[in-house]
file query31.cif (mmCIF, C-alpha atoms)
data_entry
loop_
_atom_site.label_atom_id
_atom_site.label_comp_id
_atom_site.auth_asym_id
_atom_site.auth_seq_id
_atom_site.Cartn_x
_atom_site.Cartn_y
_atom_site.Cartn_z
CA MET A 103 -67.13 -50.16 -61.32
CA LEU A 104 -67.20 -51.60 -57.82
CA ARG A 105 -65.04 -54.49 -58.97
CA VAL A 106 -62.45 -52.09 -60.35
CA LEU A 107 -62.35 -50.14 -57.08
CA ALA A 108 -61.93 -53.35 -55.06
CA LEU A 109 -59.05 -54.51 -57.27
CA ALA A 110 -57.42 -51.10 -56.98
CA SER A 111 -57.68 -51.25 -53.19
CA VAL A 112 -56.05 -54.67 -53.08
CA VAL A 113 -53.20 -53.49 -55.29
CA LEU A 114 -52.62 -50.38 -53.20
CA LEU A 115 -52.64 -52.35 -49.95
CA GLY A 116 -50.24 -54.86 -51.42
CA ILE A 117 -47.67 -52.27 -52.42
CA ALA A 118 -48.09 -50.02 -49.39
CA PRO A 119 -45.03 -49.99 -47.12
CA GLU A 120 -45.36 -51.94 -43.88
CA ALA A 121 -45.94 -49.66 -40.92
CA SER A 122 -43.09 -49.49 -38.42
CA GLN A 123 -43.50 -50.07 -34.69
CA ALA A 124 -41.47 -49.07 -31.69
CA ILE A 125 -38.43 -51.13 -30.68
CA SER A 126 -37.27 -51.50 -27.05
CA ILE A 127 -33.54 -51.72 -26.33
CA TYR A 128 -32.01 -53.15 -23.15
CA THR A 129 -28.56 -53.01 -21.55
CA GLY A 130 -27.33 -53.40 -18.00
CA TRP A 131 -27.45 -50.50 -15.55
CA GLU A 132 -23.90 -50.45 -14.16
CA ARG A 133 -20.92 -52.77 -14.52
CA HIS A 134 -17.75 -53.04 -12.43
CA ALA A 135 -14.42 -54.43 -13.61
CA LEU A 136 -10.75 -54.58 -12.64
CA VAL A 137 -7.86 -52.95 -14.42
CA GLY A 138 -6.45 -55.32 -17.04
CA SER A 139 -9.57 -57.49 -17.20
CA ASP A 140 -12.10 -58.02 -20.00
CA ILE A 141 -15.82 -57.36 -19.74
CA ARG A 142 -18.84 -58.13 -21.89
CA LEU A 143 -21.44 -55.39 -22.30
CA SER A 144 -24.79 -56.85 -23.31
CA CYS A 145 -27.36 -55.25 -25.57
CA SER A 146 -30.63 -56.78 -26.73
CA PHE A 147 -33.91 -55.54 -28.13
CA PHE A 148 -37.59 -56.42 -28.25
CA SER A 149 -39.54 -56.10 -31.45
CA TRP A 150 -42.87 -57.59 -32.48
CA ARG A 151 -41.35 -58.67 -35.78
CA PHE A 152 -38.94 -61.41 -36.69
CA VAL A 153 -35.29 -60.40 -36.86
CA SER A 154 -34.70 -58.64 -40.14
CA ASP A 155 -31.77 -59.32 -42.46
CA ASP A 156 -31.06 -55.62 -42.11
CA VAL A 157 -30.85 -55.66 -38.31
CA SER A 158 -28.15 -53.35 -36.98
CA PHE A 159 -26.45 -52.41 -33.73
CA SER A 160 -24.29 -49.43 -32.89
CA TRP A 161 -22.25 -48.69 -29.75
CA SER A 162 -20.93 -45.33 -28.63
CA TYR A 163 -18.77 -44.32 -25.66
CA ARG A 164 -18.79 -41.13 -23.60
CA PRO A 165 -15.87 -40.79 -21.16
CA ASP A 166 -16.54 -39.50 -17.68
CA GLY A 167 -16.35 -35.71 -17.64
CA SER A 168 -16.98 -35.40 -21.38
CA ARG A 169 -20.08 -34.35 -23.30
CA GLU A 170 -19.05 -35.92 -26.60
CA SER A 171 -19.66 -39.54 -27.57
CA ILE A 172 -17.37 -41.66 -29.71
CA SER A 173 -18.54 -44.48 -32.00
CA ILE A 174 -16.65 -47.65 -31.07
CA ALA A 175 -18.56 -50.55 -32.68
CA HIS A 176 -21.19 -51.15 -35.31
CA TYR A 177 -22.96 -54.10 -36.89
CA ALA A 178 -24.79 -53.79 -40.21
CA GLY A 179 -25.31 -55.82 -43.34
CA GLY A 180 -24.24 -58.99 -41.55
CA GLU A 181 -20.76 -57.61 -40.77
CA PRO A 182 -19.28 -56.13 -37.56
CA TYR A 183 -17.16 -52.98 -37.57
CA THR A 184 -15.05 -51.92 -34.59
CA ASP A 185 -12.99 -48.94 -33.50
CA ASN A 186 -9.66 -48.83 -35.33
CA LYS A 187 -8.33 -45.49 -34.21
CA GLY A 188 -10.09 -44.36 -31.02
CA PRO A 189 -9.52 -45.20 -27.34
CA PHE A 190 -10.60 -48.82 -27.86
CA LYS A 191 -8.46 -49.55 -30.88
CA ASP A 192 -7.79 -53.32 -30.95
CA ARG A 193 -9.58 -53.62 -27.59
CA VAL A 194 -13.24 -53.94 -28.63
CA GLU A 195 -14.87 -56.95 -30.29
CA PHE A 196 -18.43 -57.54 -31.43
CA VAL A 197 -19.43 -60.87 -29.83
CA GLY A 198 -23.22 -60.74 -30.14
CA ASN A 199 -25.56 -62.92 -32.16
CA PRO A 200 -27.86 -60.55 -34.06
CA LYS A 201 -30.17 -63.37 -35.16
CA ASN A 202 -30.94 -63.87 -31.46
CA ARG A 203 -31.39 -60.10 -30.93
CA ASP A 204 -28.00 -59.93 -29.20
CA GLY A 205 -25.62 -57.07 -29.95
CA SER A 206 -23.07 -57.54 -27.15
CA ILE A 207 -19.48 -56.29 -27.31
CA LEU A 208 -16.35 -57.36 -25.45
CA LEU A 209 -13.96 -54.75 -24.04
CA LYS A 210 -10.42 -55.99 -23.43
CA ASN A 211 -7.55 -54.98 -21.17
CA LEU A 212 -9.49 -52.33 -19.30
CA ASP A 213 -7.85 -49.24 -17.86
CA LEU A 214 -8.96 -46.59 -15.37
CA SER A 215 -9.37 -44.17 -18.25
CA ASP A 216 -12.13 -46.39 -19.70
CA ASN A 217 -14.63 -45.26 -17.07
CA GLY A 218 -17.67 -43.85 -18.78
CA THR A 219 -21.07 -44.49 -20.33
CA PHE A 220 -21.62 -46.93 -23.19
CA THR A 221 -24.77 -46.54 -25.27
CA CYS A 222 -26.32 -49.17 -27.53
CA ASP A 223 -28.79 -48.50 -30.32
CA ALA A 224 -30.55 -51.17 -32.40
CA LYS A 225 -32.68 -51.19 -35.54
CA ASN A 226 -34.86 -54.02 -36.82
CA PRO A 227 -36.41 -52.62 -40.01
CA PRO A 228 -39.11 -51.59 -40.40
CA ASP A 229 -38.96 -51.11 -36.61
CA ILE A 230 -36.38 -48.39 -36.28
CA VAL A 231 -37.88 -46.05 -33.69
CA GLY A 232 -36.58 -46.72 -30.22
CA ARG A 233 -34.72 -45.11 -27.36
CA PRO A 234 -31.05 -46.18 -27.04
CA SER A 235 -30.04 -47.80 -23.76
CA SER A 236 -26.92 -46.97 -21.73
CA VAL A 237 -24.72 -48.80 -19.23
CA ARG A 238 -22.12 -47.22 -16.97
CA LEU A 239 -18.70 -48.86 -16.64
CA LEU A 240 -16.58 -48.37 -13.53
CA VAL A 241 -13.03 -49.71 -13.60
CA PHE A 242 -11.17 -50.22 -10.32
CA GLU A 243 -7.74 -51.38 -9.28
CA GLN A 244 -9.54 -53.36 -6.59
CA LEU A 245 -13.24 -54.07 -6.63
CA PRO A 246 -15.06 -52.37 -3.72
CA ILE A 247 -17.44 -54.28 -1.49
CA GLN A 248 -20.89 -53.43 -2.70
CA ALA A 249 -23.66 -52.46 -0.33
CA GLY A 250 -25.77 -55.30 -1.67
CA VAL A 251 -23.12 -57.83 -0.69
CA ILE A 252 -22.97 -56.43 2.86
CA THR A 253 -26.77 -56.44 3.15
CA GLY A 254 -26.92 -59.99 1.86
CA ALA A 255 -24.29 -61.10 4.36
CA ILE A 256 -26.18 -59.48 7.26
CA ILE A 257 -29.43 -61.12 6.18
CA GLY A 258 -27.64 -64.46 5.89
CA VAL A 259 -26.20 -64.15 9.41
CA VAL A 260 -29.59 -63.19 10.88
CA LEU A 261 -31.32 -66.10 9.16
CA GLY A 262 -28.58 -68.44 10.34
CA LEU A 263 -29.03 -67.28 13.95
CA LEU A 264 -32.79 -67.76 13.71
CA VAL A 265 -32.35 -71.29 12.41
CA LEU A 266 -29.84 -72.02 15.20
CA ILE A 267 -32.25 -70.69 17.84
CA VAL A 268 -35.08 -72.86 16.49
CA VAL A 269 -32.84 -75.94 16.46
CA ILE A 270 -31.68 -75.28 20.04
CA TYR A 271 -35.30 -74.74 21.17
CA TYR A 272 -36.52 -78.05 19.79
CA LEU A 273 -33.41 -79.83 21.03
CA MET A 274 -34.05 -78.55 24.56
CA ARG A 275 -37.67 -79.65 24.36
CA PHE A 276 -36.56 -83.09 23.26
CA LEU A 277 -34.02 -83.37 26.08
CA VAL A 278 -36.56 -82.19 28.69
CA ALA A 279 -39.19 -84.63 27.42
CA ARG A 280 -36.63 -87.42 27.44
CA ARG A 281 -35.62 -86.55 31.01
CA VAL A 282 -39.24 -86.48 32.20
CA PHE A 283 -39.91 -89.82 30.53
CA SER A 284 -36.81 -91.35 32.15
CA LEU A 285 -37.83 -90.08 35.60
CA SER A 286 -41.35 -91.41 35.11
CA VAL A 287 -40.11 -94.83 34.09
CA SER A 288 -37.59 -94.86 36.93
CA LYS A 289 -40.23 -93.88 39.51
CA HIS A 290 -42.67 -96.47 38.24
CA GLY A 291 -39.99 -99.16 38.31
CA LYS A 292 -38.98 -98.19 41.86
CA LYS A 293 -42.57 -98.48 43.11
CA LYS A 294 -42.93 -101.86 41.45
CA LYS A 295 -39.69 -103.06 43.03
CA GLU A 296 -40.73 -101.85 46.50
CA GLY A 297 -44.07 -103.65 46.25
CA SER A 298 -42.33 -106.83 45.23
CA GLN A 299 -39.92 -106.56 48.15
CA GLN A 300 -42.79 -106.02 50.58
CA ARG A 301 -44.53 -109.17 49.36
CA GLN A 302 -41.30 -111.08 49.74
CA LEU A 303 -40.76 -109.83 53.33
CA TRP A 304 -44.25 -110.77 54.52
CA THR A 305 -44.67 -114.51 55.24
CA PRO A 306 -47.76 -116.13 56.72
CA PRO A 307 -47.46 -117.56 60.31
CA PRO A 308 -46.80 -121.30 60.53
CA LEU A 309 -49.81 -123.49 61.09
CA THR A 310 -49.83 -125.37 64.45
CA CYS A 311 -51.69 -128.60 64.69
CA TYR A 312 -53.19 -129.58 68.10
CA PRO A 313 -54.46 -133.15 68.87
CA LEU A 314 -58.15 -133.54 69.35
CA PRO A 315 -59.23 -134.29 72.98
#

call {"tool": "encode", "arguments": {"input": "query31.cif", "output": "structure tokens"}}
result
Amino acid sequence: MLRVLALASVVLLGIAPEASQAISIYTGWERHALVGSDIRLSCSFFSWRFVSDDVSFSWSYRPDGSRESISIAHYAGGEPYTDNKGPFKDRVEFVGNPKNRDGSILLKNLDLSDNGTFTCDAKNPPDIVGRPSSVRLLVFEQLPIQAGVITGAIIGVVLGLLVLIVVIYYLMRFLVARRVFSLSVSKHGKKKKEGSQQRQLWTPPPLTCYPLP
């Protein structure tokens, strides 16, 4: 009886569906681009399992000022599908490598009207539960100077000034030490020369010989 129960347990465990786990999806936070340019929007995921043959990615787009999202790209069954009638008709391409957990898309010939939020969702069966990730796209006629660039430039200038001050400090110390050494050598040489001259100026009196009486 116990043997029968053990065999039944093994069979049930063998045919039981594999439990799914959460999947984490990642995109950028915000991207900037120029009118007429192309931009790659990255999407990747983390899952404890190997990449499934049924892995899938889906991208949707919500224009600024709108509450509705539009599906623009999808990958499933080993094939990519892209928007063929919406705002990105002939302007979106799936360029990711799903086997490497990459579901990136390429947006072409950007326009100011493309500003909005792009959301990526990924499934790696049996891991299908995860929160989609979004990236905001801002299209400009001319890219603005970002605050980070200004901050980085200020930090670079300050560090450069500090390095210059340190170099000048050690250079001045070197020049002062060199000057002191030169004066010391010059003074020592002058004393030596004066002593030599004094020895040369002093001559012993001539010896006078007197006849004995």

call {"tool": "resolve_selection", "arguments": {"input": "query31.cif", "expression": "the PyMOL selection byres ((chain A and resi 180) around 9)", "output": "number ranges by chain"}}
result
A: 155-158, 177-179, 181-182, 200

call {"tool": "closest_residue", "arguments": {"input": "query31.cif", "among": "A:Val282, A:Ile230, A:Leu143, A:Ile267", "to": "Ser206 of chain A", "atoms": "all atoms listed in the file"}}
result
A:Leu143

call {"tool": "atom_distance", "arguments": {"input": "query31.cif", "atom1": "atom CA of Ile127 of chain A", "atom2": "atom CA of Arg203 of chain A"}}
result
9.8 Å

call {"tool": "atom_distance", "arguments": {"input": "query31.cif", "atom1": "atom CA of Val137 of chain A", "atom2": "atom CA of Asp216 of chain A"}}
result
9.4 Å

call {"tool": "closest_residue", "arguments": {"input": "query31.cif", "among": "A:Ser236, A:Asn202, A:Asn226, A:Ser173", "to": "Arg151 of chain A", "atoms": "all atoms listed in the file"}}
result
A:Asn226
